[in-house]
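Heads up, query06.txt below (compact mmCIF, C-alpha atoms):
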```txt
# COMPACT_ATOMS: atom_id res chain seq x y z
CA MET F 101 -19.26 -14.81 19.25
CA THR F 102 -21.28 -12.92 16.72
CA GLU F 103 -19.66 -10.75 14.07
CA ALA F 104 -19.94 -7.63 16.15
CA SER F 105 -17.53 -5.66 14.00
CA GLU F 106 -20.40 -4.65 11.73
CA ARG F 107 -22.28 -2.69 14.33
CA THR F 108 -22.06 1.07 14.37
CA PRO F 109 -23.44 2.60 17.56
CA ALA F 110 -25.56 5.69 17.25
CA ASN F 111 -22.86 8.04 18.52
CA ARG F 112 -20.17 6.65 16.24
CA THR F 113 -19.39 7.90 12.77
CA PRO F 114 -21.92 6.45 10.30
CA PRO F 115 -20.94 5.58 6.73
CA LEU F 116 -20.93 8.34 4.13
CA PRO F 117 -24.15 8.43 2.08
CA ASP F 118 -22.32 7.64 -1.18
CA GLU F 119 -19.45 5.83 0.45
CA ALA F 120 -19.00 3.08 -2.16
CA ALA F 121 -18.58 5.65 -4.94
CA VAL F 122 -16.16 7.73 -2.88
CA ILE F 123 -14.10 4.65 -2.06
CA ALA F 124 -14.01 3.65 -5.73
CA ARG F 125 -12.76 7.09 -6.69
CA ALA F 126 -10.15 7.04 -3.94
CA ALA F 127 -8.99 3.61 -5.08
CA ASP F 128 -8.56 5.03 -8.57
CA GLY F 129 -6.18 7.66 -7.20
CA ASP F 130 -8.62 10.52 -6.57
CA ARG F 131 -6.93 12.33 -3.70
CA THR F 132 -9.96 14.50 -3.03
CA ALA F 133 -12.09 11.40 -2.47
CA PHE F 134 -9.47 9.93 -0.15
CA THR F 135 -9.35 13.17 1.82
CA GLN F 136 -13.13 13.08 2.15
CA LEU F 137 -12.98 9.56 3.59
CA MET F 138 -10.23 10.35 6.07
CA GLU F 139 -11.90 13.54 7.18
CA HIS F 140 -15.10 11.63 7.79
CA TYR F 141 -13.46 8.84 9.79
CA GLN F 142 -10.63 10.67 11.53
CA SER F 143 -12.48 10.90 14.86
CA ALA F 144 -13.22 7.17 14.75
CA CYS F 145 -9.57 6.35 14.07
CA TYR F 146 -8.26 8.81 16.60
CA GLY F 147 -10.67 7.53 19.27
CA LEU F 148 -9.42 3.98 18.80
CA ALA F 149 -5.78 5.07 18.83
CA TRP F 150 -6.27 7.17 21.93
CA ARG F 151 -7.98 4.35 23.81
CA LEU F 152 -5.22 1.93 22.90
CA LEU F 153 -2.34 4.28 23.61
CA GLY F 154 -3.70 6.59 26.28
CA ASN F 155 -1.70 9.53 24.95
CA ALA F 156 -2.92 12.29 22.67
CA ASP F 157 0.32 12.76 20.75
CA HIS F 158 0.87 9.06 20.22
CA ALA F 159 -2.75 8.67 19.19
CA ALA F 160 -2.40 11.45 16.61
CA ASP F 161 0.80 9.85 15.31
CA ALA F 162 -0.86 6.45 15.05
CA THR F 163 -3.83 7.94 13.23
CA GLN F 164 -1.50 9.70 10.84
CA ASP F 165 0.37 6.45 10.21
CA ALA F 166 -2.93 4.70 9.61
CA PHE F 167 -3.91 7.25 6.96
CA ILE F 168 -0.64 6.65 5.12
CA HIS F 169 -1.14 2.88 5.28
CA ALA F 170 -4.72 3.29 4.11
CA TYR F 171 -3.63 5.50 1.23
CA ARG F 172 -1.20 2.88 0.04
CA ALA F 173 -3.62 0.02 0.51
CA ILE F 174 -6.92 1.45 -0.64
CA GLY F 175 -6.34 0.08 -4.14
CA SER F 176 -6.53 -3.41 -2.67
CA TYR F 177 -9.65 -2.72 -0.59
CA ARG F 178 -12.11 -5.47 -1.46
CA GLY F 179 -15.39 -4.34 -0.03
CA GLY F 180 -16.89 -4.91 3.39
CA ILE F 181 -17.41 -2.20 5.94
CA PHE F 182 -14.91 0.55 5.23
CA ARG F 183 -14.99 1.81 8.80
CA SER F 184 -13.96 -1.62 10.10
CA TRP F 185 -11.23 -1.87 7.46
CA LEU F 186 -9.85 1.54 8.42
CA LEU F 187 -10.10 0.78 12.14
CA ARG F 188 -8.13 -2.43 11.68
CA ILE F 189 -5.38 -0.42 10.00
CA THR F 190 -5.50 2.11 12.83
CA ALA F 191 -5.36 -0.63 15.45
CA ASN F 192 -2.31 -2.13 13.77
CA ALA F 193 -0.61 1.27 13.60
CA SER F 194 -1.45 1.89 17.27
CA TYR F 195 -0.28 -1.55 18.28
CA ASP F 196 3.04 -0.96 16.52
CA ILE F 197 3.54 2.15 18.63
CA LEU F 198 2.42 0.28 21.74
CA ARG F 199 4.98 -2.45 21.10
CA ARG F 200 7.72 0.14 20.67
CA GLN F 201 6.67 1.73 23.95
CA GLN F 202 6.76 -1.60 25.73
CA ARG F 203 10.28 -2.25 24.46
CA ARG F 204 11.24 1.09 26.03
CA PRO F 205 9.67 0.89 29.47
CA SER F 206 11.36 4.13 30.49
CA SER F 207 8.36 6.02 29.09
CA PRO F 208 6.25 7.08 32.05
CA LEU F 209 2.77 5.65 32.19
CA PRO F 210 0.11 8.31 31.72
CA ASP F 211 -2.00 9.34 34.66
CA PRO F 212 -5.45 7.85 33.98
CA GLU F 213 -7.09 10.94 35.43
CA GLU F 214 -5.17 13.33 33.18
CA GLY F 215 -4.99 13.84 29.47
CA ALA F 216 -8.40 12.43 28.73
CA PRO F 217 -9.83 14.10 25.64
CA GLU F 218 -12.90 16.23 25.71
CA LEU F 219 -15.76 13.86 25.14
CA PRO F 220 -18.29 15.04 22.58
CA ASP F 221 -21.91 15.61 23.39
CA VAL F 222 -23.74 12.33 23.36
CA GLY F 223 -26.71 13.89 21.67
CA ALA F 224 -29.39 13.03 24.19
CA VAL F 225 -32.48 15.18 24.16
CA ASN F 226 -32.84 14.87 27.91
CA PRO F 227 -30.14 17.04 29.56
CA VAL F 228 -30.10 14.85 32.67
CA ALA F 229 -29.67 11.70 30.65
CA GLU F 230 -27.03 13.46 28.60
CA ALA F 231 -25.12 14.45 31.70
CA THR F 232 -25.38 10.92 33.06
CA LYS F 233 -24.08 9.43 29.82
CA SER F 234 -21.22 11.88 29.70
CA GLU F 235 -20.35 11.04 33.29
CA LEU F 236 -20.48 7.32 32.54
CA TYR F 237 -18.23 7.72 29.51
CA ARG F 238 -15.75 9.80 31.44
CA HIS F 239 -15.47 7.18 34.19
CA LEU F 240 -15.27 4.40 31.65
CA GLU F 241 -12.40 6.11 29.85
CA VAL F 242 -10.52 6.54 33.11
CA ALA F 243 -11.19 2.93 34.10
CA LEU F 244 -9.98 1.69 30.72
CA ARG F 245 -6.73 3.55 31.20
CA ARG F 246 -6.23 1.84 34.53
CA LEU F 247 -6.21 -1.59 32.92
CA PRO F 248 -2.92 -3.33 32.18
CA PRO F 249 -2.00 -2.65 28.52
CA ASP F 250 -2.66 -6.18 27.28
CA GLN F 251 -6.10 -6.30 28.89
CA ARG F 252 -6.94 -2.76 27.76
CA THR F 253 -5.98 -3.56 24.18
CA ALA F 254 -8.09 -6.69 24.13
CA VAL F 255 -11.12 -5.05 25.75
CA VAL F 256 -10.94 -1.95 23.56
CA LEU F 257 -10.64 -3.95 20.35
CA CYS F 258 -13.33 -6.45 21.31
CA ASP F 259 -15.87 -4.60 23.43
CA VAL F 260 -15.45 -1.00 22.29
CA TYR F 261 -14.79 -1.61 18.59
CA GLY F 262 -16.53 -4.93 18.14
CA MET F 263 -13.69 -7.01 16.72
CA ASP F 264 -14.06 -10.73 17.23
CA TYR F 265 -11.63 -12.87 19.19
CA ASN F 266 -9.81 -14.09 16.10
CA GLU F 267 -9.24 -10.57 14.83
CA VAL F 268 -7.86 -9.48 18.18
CA ALA F 269 -5.63 -12.56 18.35
CA ALA F 270 -4.25 -11.88 14.89
CA MET F 271 -3.72 -8.21 15.61
CA THR F 272 -1.98 -8.75 18.92
CA GLN F 273 -0.19 -11.87 17.70
CA SER F 274 -1.53 -13.80 20.66
CA ALA F 275 -3.18 -17.16 21.11
CA LEU F 276 -6.96 -17.26 21.00
CA GLY F 277 -7.18 -18.53 24.57
CA THR F 278 -4.88 -15.78 25.76
CA VAL F 279 -7.06 -13.16 24.11
CA LYS F 280 -10.23 -14.55 25.67
CA SER F 281 -8.59 -14.64 29.05
CA ARG F 282 -7.39 -11.04 28.73
CA ILE F 283 -10.83 -9.87 27.68
CA HIS F 284 -12.60 -11.65 30.54
CA ARG F 285 -10.09 -10.48 33.14
CA GLY F 286 -10.19 -6.97 31.72
CA ARG F 287 -13.98 -6.85 31.90
CA LEU F 288 -14.01 -8.11 35.45
CA ARG F 289 -11.38 -5.55 36.42
CA LEU F 290 -13.42 -2.82 34.76
CA ARG F 291 -16.45 -3.96 36.68
CA GLU F 292 -14.52 -3.52 39.91
CA LEU F 293 -13.22 -0.11 38.85
CA MET F 294 -16.71 1.04 37.95
CA ALA F 295 -18.25 -0.33 41.13
CA GLU F 296 -18.77 3.06 42.73
CA HIS F 297 -20.47 4.36 39.58
CA ARG F 298 -22.84 1.48 39.05
CA GLU F 299 -25.84 3.77 39.16
CA LEU F 300 -24.64 5.39 35.92
CA PHE F 301 -25.24 2.16 34.01
CA THR F 302 -28.94 2.43 34.66
CA GLY F 303 -29.11 6.21 34.25
CA MET T 121 -23.73 -3.70 46.13
CA LEU T 122 -20.93 -5.04 43.98
CA ILE T 123 -20.35 -8.74 44.13
CA PRO T 124 -16.57 -9.15 44.18
CA ASN T 125 -14.71 -11.06 41.46
CA HIS T 126 -13.33 -13.77 43.67
CA PRO T 127 -13.20 -17.49 43.07
CA ASP T 128 -16.06 -19.17 44.82
CA PRO T 129 -16.44 -22.94 44.78
CA ASN T 130 -20.20 -22.54 44.85
CA HIS T 131 -20.26 -20.50 41.65
CA PRO T 132 -18.78 -20.79 38.16
CA ASP T 133 -15.56 -19.01 37.39
CA ASP T 134 -16.21 -15.33 36.63
CA GLY T 135 -14.47 -15.75 33.31
CA ARG T 136 -17.22 -18.16 32.34
CA LEU T 137 -19.79 -15.59 33.39
CA SER T 138 -18.01 -13.01 31.23
CA ALA T 139 -18.16 -15.45 28.32
CA LEU T 140 -21.86 -15.87 28.94
CA ALA T 141 -22.29 -12.09 29.03
CA SER T 142 -20.74 -11.83 25.59
CA ARG T 143 -22.85 -14.71 24.29
CA ASP T 144 -19.90 -16.91 23.45
CA ASP T 145 -21.07 -20.19 21.95
CA ASP T 146 -19.11 -22.34 24.36
CA ALA T 147 -20.78 -20.55 27.29
CA THR T 148 -24.34 -20.39 25.98
CA GLN T 149 -24.17 -24.09 25.08
CA ASP T 150 -22.84 -25.04 28.50
CA ALA T 151 -25.96 -26.46 30.12
CA ALA T 152 -24.45 -26.61 33.61
CA LEU T 153 -23.41 -22.97 33.41
CA THR T 154 -26.70 -21.62 32.09
CA SER T 155 -28.64 -23.75 34.51
CA HIS T 156 -26.66 -22.42 37.44
CA VAL T 157 -26.93 -18.80 36.36
CA SER T 158 -30.67 -19.06 35.86
CA THR T 159 -31.10 -20.02 39.51
CA CYS T 160 -28.32 -17.98 41.12
CA ILE T 161 -29.00 -14.37 42.01
CA ARG T 162 -25.34 -13.57 42.46
CA CYS T 163 -24.26 -14.97 39.08
CA THR T 164 -27.24 -13.45 37.28
CA GLU T 165 -26.26 -10.08 38.68
CA VAL T 166 -22.64 -10.48 37.53
CA VAL T 167 -23.74 -11.47 34.03
CA ASP T 168 -26.16 -8.54 33.88
CA GLU T 169 -23.52 -6.08 35.06
CA LEU T 170 -20.98 -7.36 32.59
CA GLY T 171 -23.59 -7.12 29.86
CA ALA T 172 -24.34 -3.51 30.80
CA LEU T 173 -20.62 -2.78 30.89
CA ARG T 174 -20.18 -4.22 27.39
CA ALA T 175 -23.10 -2.19 26.09
CA SER T 176 -21.63 1.00 27.56
CA LEU T 177 -18.20 0.26 26.13
CA ALA T 178 -19.74 -0.35 22.72
CA SER T 179 -21.44 3.04 22.83
CA LEU T 180 -18.36 5.09 23.72
CA PRO T 181 -18.27 7.99 21.25
CA ASP T 182 -15.61 8.73 18.67
CA LEU T 183 -13.09 11.37 19.70
CA GLU T 184 -11.89 14.48 17.93
CA PRO T 185 -8.14 14.51 17.30
CA SER T 186 -6.04 16.58 19.66
CA ARG T 187 -4.41 18.37 16.75
CA PRO T 188 -5.16 18.77 13.05
CA LEU T 189 -4.12 15.70 11.14
CA GLN T 190 -2.69 15.55 7.67
CA LEU T 191 -5.46 13.72 5.88
CA LEU T 192 -3.53 13.14 2.69
CA PRO T 193 -0.02 11.73 2.49
CA PRO T 194 2.49 13.32 0.12
CA VAL T 195 2.14 12.56 -3.58
CA ALA T 196 5.14 10.24 -3.43
CA ASP T 197 3.05 7.78 -1.43
CA ALA T 198 0.73 7.14 -4.32
CA PRO T 199 -1.87 4.45 -3.73
CA VAL T 200 -1.43 1.04 -5.24
CA ALA T 201 -4.18 0.93 -7.81
CA ALA T 202 -6.40 -2.11 -8.09
CA GLY T 203 -5.23 -2.47 -11.68
CA GLY T 204 -1.70 -3.21 -10.60
CA GLY T 205 0.04 0.13 -10.92
CA GLY T 206 2.38 -0.98 -8.16
CA TRP T 207 4.54 -3.32 -10.22
CA ILE T 208 4.71 -0.80 -13.01
CA ARG T 209 5.95 1.85 -10.62
CA ARG T 210 8.50 -0.54 -9.14
CA LEU T 211 9.81 -1.52 -12.59
CA PHE T 212 9.73 1.98 -14.06
CA ALA T 213 13.10 3.21 -12.85
CA PRO T 214 15.02 -0.01 -13.68
CA ALA T 215 13.39 -0.16 -17.11
CA LEU T 216 14.24 3.47 -17.78
CA THR T 217 17.84 2.95 -16.69
CA ALA T 218 18.24 -0.21 -18.76
CA GLY T 219 16.68 1.51 -21.79
CA ALA T 220 18.98 4.50 -21.48
CA ALA T 221 22.02 2.27 -21.11
CA LEU T 222 21.08 0.19 -24.14
CA ALA T 223 20.36 3.28 -26.21
CA MET T 224 23.69 4.81 -25.25
CA VAL T 225 25.67 1.67 -26.07
CA GLY T 226 23.76 1.22 -29.31
CA LEU T 227 24.30 4.82 -30.28
CA VAL T 228 28.02 4.66 -29.65
CA GLY T 229 28.31 1.35 -31.51
CA THR T 230 26.36 2.72 -34.45
CA VAL T 231 28.10 6.06 -34.72
CA ALA T 232 31.66 5.02 -33.92
CA PRO T 233 32.47 3.65 -37.41
CA PHE T 234 31.30 6.88 -39.01
CA ALA T 235 33.38 8.88 -36.62
CA GLY T 236 36.38 6.76 -37.57
CA MET T 237 35.61 7.25 -41.24
CA ALA T 238 35.36 10.97 -40.85
CA SER T 239 38.72 11.17 -39.15
CA SER T 240 40.62 8.79 -41.46
CA GLY T 241 38.82 9.47 -44.72
CA ALA T 242 38.74 5.73 -45.41
CA ALA T 243 35.64 3.70 -46.12
CA PRO T 244 34.26 2.57 -42.84
CA PHE T 245 33.87 -1.00 -41.87
CA MET T 246 30.18 -1.53 -42.22
CA ASP T 247 28.36 -4.76 -42.46
CA ALA T 248 25.14 -3.97 -44.20
CA ASP T 249 21.99 -4.44 -42.19
CA ALA T 250 18.35 -3.75 -42.61
CA GLY T 251 19.23 -0.12 -43.18
CA ALA T 252 21.27 -1.03 -46.22
CA GLU T 253 20.15 1.98 -48.14
CA GLU T 254 21.73 4.27 -45.61
CA ALA T 255 24.90 2.28 -45.73
CA ALA T 256 24.94 2.38 -49.49
CA ALA T 257 24.36 6.10 -49.46
CA SER T 258 27.24 6.54 -47.09
CA HIS T 259 29.51 4.54 -49.33
CA LEU T 260 28.33 6.45 -52.33
CA GLN T 261 29.19 9.68 -50.63
CA VAL T 262 32.68 8.43 -49.94
CA LEU T 263 33.14 7.13 -53.41
CA SER T 264 31.93 10.37 -54.95
CA SER T 265 34.49 12.27 -52.94
CA GLY T 266 37.26 10.49 -54.89
CA GLY T 267 38.92 8.86 -51.95
CA GLU T 268 40.97 5.74 -52.04
CA ALA T 269 37.86 3.67 -51.80
CA ALA T 270 36.60 4.97 -55.14
CA PRO T 271 37.90 2.03 -57.12
CA ALA T 272 35.88 -0.18 -54.87
CA ALA T 273 32.71 1.27 -56.27
CA GLY T 274 33.97 0.73 -59.76
CA GLY T 275 34.91 -2.79 -58.98
CA GLN T 276 31.57 -3.44 -57.52
CA THR T 277 29.90 -1.91 -60.52
CA ASP T 278 31.81 -4.17 -62.78
CA SER T 279 30.93 -7.17 -60.82
CA THR T 280 27.19 -6.75 -60.59
CA ASP T 281 26.72 -9.71 -62.87
CA GLU T 282 28.97 -11.85 -60.81
CA GLU T 283 28.02 -13.94 -57.80
CA PRO T 284 26.88 -11.92 -54.81
CA LEU T 285 29.62 -11.00 -52.40
CA ALA T 286 29.58 -12.47 -48.97
CA SER T 287 30.27 -9.17 -47.31
CA LEU T 288 31.40 -5.67 -47.91
CA ASP T 289 34.79 -6.73 -46.60
CA GLU T 290 35.06 -9.11 -49.47
CA PHE T 291 33.69 -6.37 -51.62
CA ALA T 292 36.42 -4.05 -50.49
CA GLY T 293 39.03 -6.74 -50.95
CA ARG T 294 38.08 -7.27 -54.53
CA ALA T 295 38.10 -3.57 -55.07
CA ASP T 296 41.72 -3.41 -53.98
CA GLU T 297 42.63 -6.01 -56.54
CA SER T 298 40.97 -4.29 -59.46
CA ALA T 299 41.51 -0.60 -59.43
CA ALA T 300 38.91 1.10 -61.56
CA PRO T 301 39.39 4.33 -63.47
CA ASP T 302 37.97 7.47 -61.88
CA GLU T 303 35.51 8.02 -64.69
CA GLU T 304 33.69 4.90 -63.74
CA VAL T 305 32.93 6.24 -60.31
CA ALA T 306 29.81 8.13 -61.24
CA ALA T 307 28.22 5.26 -63.07
CA GLY T 308 29.23 2.87 -60.36
CA GLY T 309 27.68 5.13 -57.77
CA GLU T 310 24.38 5.16 -59.52
CA GLU T 311 24.19 1.42 -59.45
CA LEU T 312 25.57 1.00 -55.99
CA GLY T 313 22.25 1.24 -54.21
CA ALA T 314 20.70 -1.46 -56.28
CA ALA T 315 23.79 -3.58 -56.07
CA THR T 316 23.91 -3.36 -52.31
CA ASP T 317 20.25 -4.27 -52.09
CA ARG T 318 20.87 -7.37 -54.06
CA GLN T 319 24.01 -8.26 -52.23
CA LEU T 320 23.09 -7.94 -48.59
CA PRO T 321 25.86 -9.51 -46.62
CA ALA T 322 25.16 -12.30 -44.17
CA GLU T 323 26.63 -10.44 -41.14
CA ARG T 324 24.45 -7.85 -39.42
CA SER T 325 25.67 -5.11 -37.12
CA PRO T 326 24.00 -5.43 -33.69
CA TRP T 327 24.39 -1.80 -32.71
CA PRO T 328 21.39 -0.25 -34.46
CA MET T 329 19.23 -2.98 -33.01
CA VAL T 330 20.62 -2.30 -29.54
CA LEU T 331 19.90 1.39 -30.02
CA PHE T 332 16.38 0.66 -31.19
CA THR T 333 15.74 -1.72 -28.28
CA GLY T 334 16.88 0.87 -25.75
CA ILE T 335 14.66 3.57 -27.21
CA ALA T 336 11.72 1.16 -27.39
CA LEU T 337 12.22 0.21 -23.73
CA ILE T 338 12.22 3.83 -22.64
CA VAL T 339 9.12 4.65 -24.67
CA ALA T 340 7.28 1.53 -23.42
CA ALA T 341 8.11 2.29 -19.77
CA VAL T 342 6.96 5.89 -20.04
CA LEU T 343 3.77 4.96 -21.88
CA LEU T 344 2.88 2.17 -19.43
CA ARG T 345 3.38 4.40 -16.44
CA TRP T 346 1.45 7.21 -18.04
CA VAL T 347 -1.50 5.00 -18.97
CA LEU T 348 -1.75 2.59 -16.04
CA VAL T 349 -0.51 4.36 -12.94
CA PRO T 350 -3.03 6.77 -11.45
CA ARG T 351 -1.83 10.31 -11.23
CA ALA T 352 -2.34 12.65 -8.36
CA GLY T 353 -5.40 14.70 -8.98
```
Output the file's structure in the form of structure tokens.
Amino acid sequence: MTEASERTPANRTPPLPDEAAVIARAADGDRTAFTQLMEHYQSACYGLAWRLLGNADHAADATQDAFIHAYRAIGSYRGGIFRSWLLRITANASYDILRRQQRRPSSPLPDPEEGAPELPDVGAVNPVAEATKSELYRHLEVALRRLPPDQRTAVVLCDVYGMDYNEVAAMTQSALGTVKSRIHRGRLRLRELMAEHRELFTG
Amino acid sequence: MLIPNHPDPNHPDDGRLSALASRDDDATQDAALTSHVSTCIRCTEVVDELGALRASLASLPDLEPSRPLQLLPPVADAPVAAGGGGWIRRLFAPALTAGAALAMVGLVGTVAPFAGMASSGAAPFMDADAGAEEAAASHLQVLSSGGEAAPAAGGQTDSTDEEPLASLDEFAGRADESAAPDEEVAAGGEELGAATDRQLPAERSPWPMVLFTGIALIVAAVLLRWVLVPRAG
């Protein structure tokens, strides 16, 4: 599998123009620079946390935890794509919460149709295409929430955020074969769930 | 129309098709798999749909947080600087505590003999150390006051041409044996500094050194933290 973690889709947060300098200042203890970084990437981190956890409050908590971890660890940041580095921290923070939830199964599972965040404008010039994209994203978010947690985690980390199989295996503390299996089964399940909206893929 | 994800002996496992859709090496290099897909409408459609699904998932937008997030942790959670401020911060409190303890013990050990002297009026037990001048001055002060130790100074004065004394204890002992007249006290006092310099005893009191070490430890810890650990801006 290619190193997909370096891609940044058009509607995802791009790097800051002077990101390397801001990171260097943050690593030197400049709290203003760190705030600038977190403000810039908070929607990316929150989006990942929400897709992994399916709950707005838990997602906000996980994002907050990730910022604290990042603040402590930024001195040891050794280059690479900062967004990917921060998303890995967020995924770990989210997965910690997910594990705690799974140890306490009394927590009710969220209704996939409810609690979905307001999706931002996708930025299309064509209003029809924009509406189609928004509709596709809305159905995809609902379908993702219908997946079993282990499959959803694997699909979100791999297909939505571009982590490779080894990263997902390390993060979820699972065998490589298990991760691949979860991803493939999750994709196939998503394909079934999206069957009645297939026309949106070509819209 | 959706082609269901069901095992079909005439087609590869759908998991293999998913692997092909994500361009996994083991799938793209599987000649039997790629050969089948290239000639099978059903499998081509599944691979295409899974590819479109992956592309859509990869383009899902970022999401705005449901509530304002605290972007900056409290100051107490200071970042671990690349230069290694972490170990300094971890060692700061223990070093400060150890330094304070050493300084306190050293201070008590150094001052206690003087306190005893002040209360008894007798010459304190004091093994001369590197600060011999201070010790000599202290003795001189006692001698000048005309206390019982005064003859000691006279005795010492008389014995400046003799062999150096091993310690001030010995010095005091000799002084007891040879009581000197009071008039010799002044002259003896004048020479006492020089005499003590020449006759540094072999024993050294550890307490001033303990005090110095404690203070040095505190100063070093504070300076290191100040210089190397980034401060909140």
Tell me, in Å to one decimal, how far atom CA of T:Cys160 is from atom CA of T:Leu140.
13.9 Å
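Of the residues under consideration (F:Arg131, F:His169, F:Arg183, F:His297), F:Arg183 shows the shortest atom-to-atom contact distance to F:Thr113 when counting all atoms listed in the file.
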With all atoms listed in the file as the counted atoms, please give the residues lying no more than 10 Å from stretch 195-199 of chain F, apart from itself and same-chain residues fewer than 2 positions off, as an MDAnalysis selection string.
chainID F and resid 149 152:154 158:159 161:162 165 189:193 201:204 249:250 253 271:272
So that I can see what lies close to T:Arg143, please list as a list in words the residues with an atom at most 12 Å from it, counting all atoms listed in the file and leaving out residues fewer than 2 positions away in the same chain.
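These residues fall inside the cut-off: Met101, Thr102, Glu103, Ala104 and Asp264 of chain F; Arg136, Leu137, Ser138, Ala139, Leu140, Ala141, Asp145, Asp146, Ala147, Thr148, Gln149, Asp150, Thr154, Val167, Asp168, Leu170, Gly171 and Arg174 of chain T.
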Atom CA of F:Gly277 and atom CA of T:Ser155 are how many Å apart?
24.2 Å
Can you work out the spacing between atom CA of F:Val255 and atom CA of F:Arg178 in Å, to one decimal?
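Between atom CA of F:Val255 and atom CA of F:Arg178 the gap is 27.2 Å.
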Minimum-distance residue to chain T, chosen among F:Glu230, F:Glu267, F:Glu235, F:Asp128 (using all atoms listed in the file)
F:Asp128
Restricting the calculation to all atoms listed in the file, which member of T:Ala232, T:Ala213, T:Val166, T:Leu183 is positioned closest to chain F?
T:Leu183
So which residues touch F:Leu236 within 12 Å, counting only C-alpha atoms, skipping near sequence neighbours fewer than 6 positions away, as a ChimeraX atom specification?
/F:219,222,229-230,242-243,294-303 /T:172-173,175-177,179-181
Which is closest to chain T among F:Arg245, F:Arg282, F:Arg172, F:Arg252, if we use only C-alpha atoms?
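Using only C-alpha atoms, chain T sits closest to F:Arg172.
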Quick one: residues within 9 Å of stretch 131-135 of chain T, all atoms listed in the file counted, chain neighbours fewer than 3 positions away excluded, as a PyMOL selection string?
(chain F and resi 280-281+283-285+288) or (chain T and resi 125-128+138-140+153+156-157+160+162-163+166-167)
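The closest residue to T:Arg210, picked from T:Ala341, T:Arg187, T:Thr159, T:Arg324 and counting all atoms listed in the file, is T:Ala341.
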Pick out the closest residue to chain T from this set: F:Ile123, F:Arg238, F:Arg188, F:Val260. Count all atoms listed in the file.
F:Val260
